[in-house]
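Participant: One structure, pasted below without further comment.
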Amino acid sequence: MNVYNRTSHIAHRLNYYLFSVLQVILDILIYELCIAFLPVKISLEINIFLTGTMAACFLFNKLYGFRNLALWDETTFTLRACVLMLLLNVLYLYANKFTVSFWAVLTGTLIFIPGVLLTRYFYRRLLFSLGLLSKSIIILGAGKNGEIFAHNIINSPFTIRKISGFLDDDEAKQGKIISGVQVLGKLKDFEDLQKKLNVDEAVIAIPTVSREKLAHILNKLEQNVSRVLYIPDMYMLTTSAASIRNIDGLPVITSSQGLLNPVNIAIKTVIDYIGAIVALIIFSPVMLWAAWRIKREDGGPIFFNQERVGWKARRFITYKFRTMYTNADEITRKLFENPEILAAYKEGIKMKDDPRVTKIGAILRKTSIDELPQLLNILKGEMSLVGPRPLPQFDVDLLYSNPYILRKVYAAKPGLTGIWQVSGRSDLDADFRREINCYYVHNWSVWLDIAILLKTPLAVITSKGAY
């Protein structure tokens with residue numbers, strides 16, 4: 001690493017230490033506010049212990065390193081830290097003969113979780129917008145892996161990285177814009193662009209590169225940037241549950257599929273049933289309003305029932321509020337007479353001003369209220385709160401023509417919400433939908449489901465890709 005980059009790297013590290021200390025102070029302030037509003041008196045000694053435990057648990061879960069985490073990862077680590085914090089606090093209270101109510105501490109923790117997540121989000125975004133906490137990166141390889149990486153970084157609310165551009169040896173890609181990022185040149189141009197753009201990190205997104213060429217690229221990159229990230233092929237056996245072990249000096253990647261564990265399936269099922277019952281109670285007024293508006297608009301049926309593909313590629317009937325006119329099939333046939341519309345549909349691109357959709361239907365789609373009747377599908381055991389999107393057979397044939405991918409995606413029950421919804425919904429092209437659904441199944445965990453559920457309201461409010 002040259003002197004200029006080394007100086008820049010040192011400056012970044014000093015910034016991280018300073019902003020991490022400020023993050024600790026913010027977390028403590030939020031926790032103190034949660035304790036202050038509890039209807040119980042807490043002694044100074046217990047207060048210091050509870051606050052110190054919180055900071056220690058967050059530090060133990062590596063929440064003060066400003067890593068570039070996805071929202072669900074940040075939420076997962078925060079929830080783990082809070083669960084550990086609660087357990088330690090209960091042990092402490094038990095040792096002190098519960099001078100403070102357990103329920104008071106539990107309430108304070110439950111209030112603290114959304115408070116600290118929101119504070120962390122706005123703090124991170126403020127630092128990034130002011131240019132105080134950002135790393136410039138360049139992506140080597142403008143293929144599908146590089147595109148997905150760029151999309152995830154750009155759409156991550158906790159990002160600390162700013163993508164300077166792509167490098168790719170493909171002549172046809174030179175100057176093109178991919179996921180909002182321009183292809184600036186070829187791999188040989190890296191050193192010149194790195195100095196010009198002051199790039200801090202480099203990402204290798206060329207899964208088919210030979211070992212010899214990869215070693216050459218790595219050697220060149222490591223002399224110029226502080227960190228190199230390598231993205232393997234999407235279909236490698238690497239998951240969030242993967243770990244690297246050393247067996248007699250040989251590195252071995254171990255991987256497990258969470259959805260094959262009967263205990264995990266049981267936990268997911270319990271969460272589904274409890275969540276569906278609670279959601280039906282909460283949203284019943286909204287569902288009654290939607291039914292009334294649909295009937296009032298054109299007098300047609302309230303519900304739209306359709307056969308869709310679900311768990312293990314089995315067919316079942318989904319329930320939705322009707323959002324289209326009663327003669328939608330006739331309108332569809334006329335629309336598909338246009339080869340451009342038919343071609344776009346086959347690519348997974350939906351019409352933003354669909355003439356088949358009613359006035360109330362457009363509102364129901366944007367707010368996802370039309371999906372609420374699928375809570376009944378969850379209670380019937382046909383769907384889950386979180387999972388891949390249930391699709392009609394026609395769409396499945398277009399999207400999952402490969403039977404291996406079909407079996408992989410529908411190893412999980414289809415979901416009322418899912419990683420597809422919190423990532424852009426209809427704005428995603430067909431290839432990205434396949435990749436992101438495979439990612440969900442491959443990396444499934446209870447924590448991932450919880451994080452997607454927490455992120456869903458924001459996706460609904462912004463209505464991104466909902467039409």
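Note on naming: chains are A, B, ... as they come in the structure tokens, residues start from 1 per chain, ligands start from 1 in the order shown.
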Near Val386 in chain A, within 8 Å and counting only C-alpha atoms, which residues show up once chain neighbours fewer than 2 positions away are dropped, as a list in words?
Facilitator: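 Neighbouring residues, sequence-local ones excluded: Ser384, Pro388, Pro414, Gly415, Leu416, Thr417, Gly418, Ile419, Asp449, Ile452 and Leu453 of chain A.
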Participant: If you count only C-alpha atoms, which residues fall within 9 Å of Ala451 in chain A, apart from same-chain ones fewer than 4 positions away, as a short mmCIF file (atom, residue, chain, number, x, y, z; two decimals) with all heavy atoms, in the first residue's frame?
Facilitator:
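Writing done, so here's selection_4.cif:
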data_model
loop_
_atom_site.label_atom_id
_atom_site.label_comp_id
_atom_site.auth_asym_id
_atom_site.auth_seq_id
_atom_site.Cartn_x
_atom_site.Cartn_y
_atom_site.Cartn_z
N LEU A 71 -29.65 -4.80 6.65
CA LEU A 71 -30.54 -4.44 7.74
C LEU A 71 -30.86 -5.64 8.61
O LEU A 71 -30.89 -5.54 9.84
CB LEU A 71 -31.83 -3.83 7.18
CG LEU A 71 -32.90 -3.48 8.22
CD1 LEU A 71 -32.38 -2.44 9.20
CD2 LEU A 71 -34.16 -2.98 7.54
N TRP A 72 -31.11 -6.81 7.98
CA TRP A 72 -31.47 -7.98 8.78
C TRP A 72 -30.28 -8.46 9.61
O TRP A 72 -30.47 -8.99 10.70
CB TRP A 72 -32.03 -9.10 7.92
CG TRP A 72 -31.35 -9.33 6.61
CD1 TRP A 72 -30.17 -9.97 6.39
CD2 TRP A 72 -31.81 -8.91 5.34
NE1 TRP A 72 -29.86 -9.97 5.07
CE2 TRP A 72 -30.86 -9.34 4.39
CE3 TRP A 72 -32.95 -8.22 4.90
CZ2 TRP A 72 -31.00 -9.10 3.03
CZ3 TRP A 72 -33.09 -7.98 3.55
CH2 TRP A 72 -32.13 -8.41 2.63
N ASP A 73 -29.05 -8.28 9.11
CA ASP A 73 -27.87 -8.67 9.90
C ASP A 73 -27.72 -7.75 11.11
O ASP A 73 -27.45 -8.21 12.23
CB ASP A 73 -26.61 -8.61 9.04
CG ASP A 73 -26.58 -9.71 7.99
OD1 ASP A 73 -27.11 -10.79 8.27
OD2 ASP A 73 -26.05 -9.48 6.90
N GLU A 74 -27.87 -6.44 10.89
CA GLU A 74 -27.78 -5.49 11.99
C GLU A 74 -28.87 -5.79 13.03
O GLU A 74 -28.62 -5.76 14.23
CB GLU A 74 -27.96 -4.06 11.45
CG GLU A 74 -27.83 -2.98 12.50
CD GLU A 74 -26.40 -2.51 12.74
OE1 GLU A 74 -25.50 -2.90 11.96
OE2 GLU A 74 -26.19 -1.77 13.70
N THR A 75 -30.07 -6.09 12.55
CA THR A 75 -31.17 -6.43 13.45
C THR A 75 -30.88 -7.72 14.20
O THR A 75 -31.13 -7.82 15.41
CB THR A 75 -32.48 -6.57 12.66
OG1 THR A 75 -32.72 -5.38 11.92
CG2 THR A 75 -33.66 -6.82 13.59
N THR A 76 -30.34 -8.71 13.50
CA THR A 76 -30.02 -9.99 14.12
C THR A 76 -29.02 -9.83 15.25
O THR A 76 -29.23 -10.33 16.37
CB THR A 76 -29.45 -10.97 13.07
OG1 THR A 76 -30.46 -11.26 12.11
CG2 THR A 76 -29.00 -12.27 13.71
N VAL A 446 -34.12 -18.27 11.77
CA VAL A 446 -35.21 -17.58 12.47
C VAL A 446 -34.92 -16.09 12.51
O VAL A 446 -35.82 -15.25 12.34
CB VAL A 446 -35.38 -18.14 13.90
CG1 VAL A 446 -36.39 -17.31 14.69
CG2 VAL A 446 -35.82 -19.59 13.85
N TRP A 447 -33.64 -15.74 12.72
CA TRP A 447 -33.24 -14.34 12.79
C TRP A 447 -33.50 -13.62 11.48
O TRP A 447 -33.92 -12.46 11.46
CB TRP A 447 -31.77 -14.22 13.18
CG TRP A 447 -31.47 -14.77 14.52
CD1 TRP A 447 -30.78 -15.92 14.81
CD2 TRP A 447 -31.83 -14.20 15.80
NE1 TRP A 447 -30.70 -16.09 16.17
CE2 TRP A 447 -31.33 -15.06 16.80
CE3 TRP A 447 -32.52 -13.06 16.18
CZ2 TRP A 447 -31.50 -14.80 18.16
CZ3 TRP A 447 -32.69 -12.80 17.54
CH2 TRP A 447 -32.19 -13.67 18.51
N LYS A 455 -38.56 -5.40 8.58
CA LYS A 455 -38.31 -4.50 7.45
C LYS A 455 -39.52 -4.34 6.54
O LYS A 455 -39.62 -3.37 5.79
CB LYS A 455 -37.12 -5.04 6.64
CG LYS A 455 -36.54 -4.03 5.65
CD LYS A 455 -35.33 -4.59 4.94
CE LYS A 455 -34.76 -3.58 3.95
NZ LYS A 455 -33.61 -4.10 3.18
N THR A 456 -40.48 -5.27 6.64
CA THR A 456 -41.65 -5.25 5.75
C THR A 456 -42.47 -3.96 5.86
O THR A 456 -42.87 -3.40 4.82
CB THR A 456 -42.53 -6.48 6.01
OG1 THR A 456 -41.78 -7.66 5.67
CG2 THR A 456 -43.79 -6.43 5.17
#
Participant: So which residues touch range 139-150 of chain A within 6 Å, counting only C-alpha atoms, skipping near sequence neighbours fewer than 3 positions away, as an NGL selection string?
Facilitator: :A and (153 or 166-168 or 202-206)
Participant: Apply DSSP to the structure's backbone, then extract all residues of range 108-323 of chain A labelled alpha helix (DSSP H) and return them as an NGL selection string.
Facilitator: :A and (108-129 or 144-154 or 190-197 or 211-222 or 262-298)
Participant: Calculated over only C-alpha atoms, which of the candidates A:Leu118, A:Leu372, A:Leu84, A:Ile265 has the smallest distance to Phe60 in chain A?
Facilitator: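 Closest to Phe60 in chain A of all the choices is A:Leu84.
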Participant: Please identify the strand (DSSP E) residues within range 138-221 of chain A (assignment by DSSP from backbone atoms) and present them as a PyMOL selection string.
Facilitator: chain A and resi 138-140+161-167+177-178+181-185+201-204
Participant: Write out as a VMD selection string each polymer residue whose atoms come within 7 Å of Lys173 in chain A, counting only C-alpha atoms; drop sequence neighbours fewer than 3 positions from it.
Facilitator: chain A and resid 170 176 183
Participant: Excluding range 49-53 of chain A and any residue of its chain fewer than 4 positions from it, enumerate the residues within 10 Å of it, using only C-alpha atoms, and give them as a PyMOL selection string.
Facilitator: chain A and resi 27-29+31-32+35+44-45+57-59+81-82+84-86+88-89+92-93+105
Participant: Expressed in Å to a single decimal, how great is the separation between CA of Glu201 in chain A and CA of Asn224 in chain A?
Facilitator: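 For CA of Glu201 in chain A relative to CA of Asn224 in chain A, the distance reads 8.8 Å.
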Participant: At a cut-off of 9 Å, using only C-alpha atoms, what residues contact range 324-327 of chain A? Leave out same-chain residues fewer than 6 positions from it and give the result as JSON, numbers by chain.
Facilitator: {"A": [298, 300, 301, 304, 355, 356, 357, 358, 359, 361, 362]}
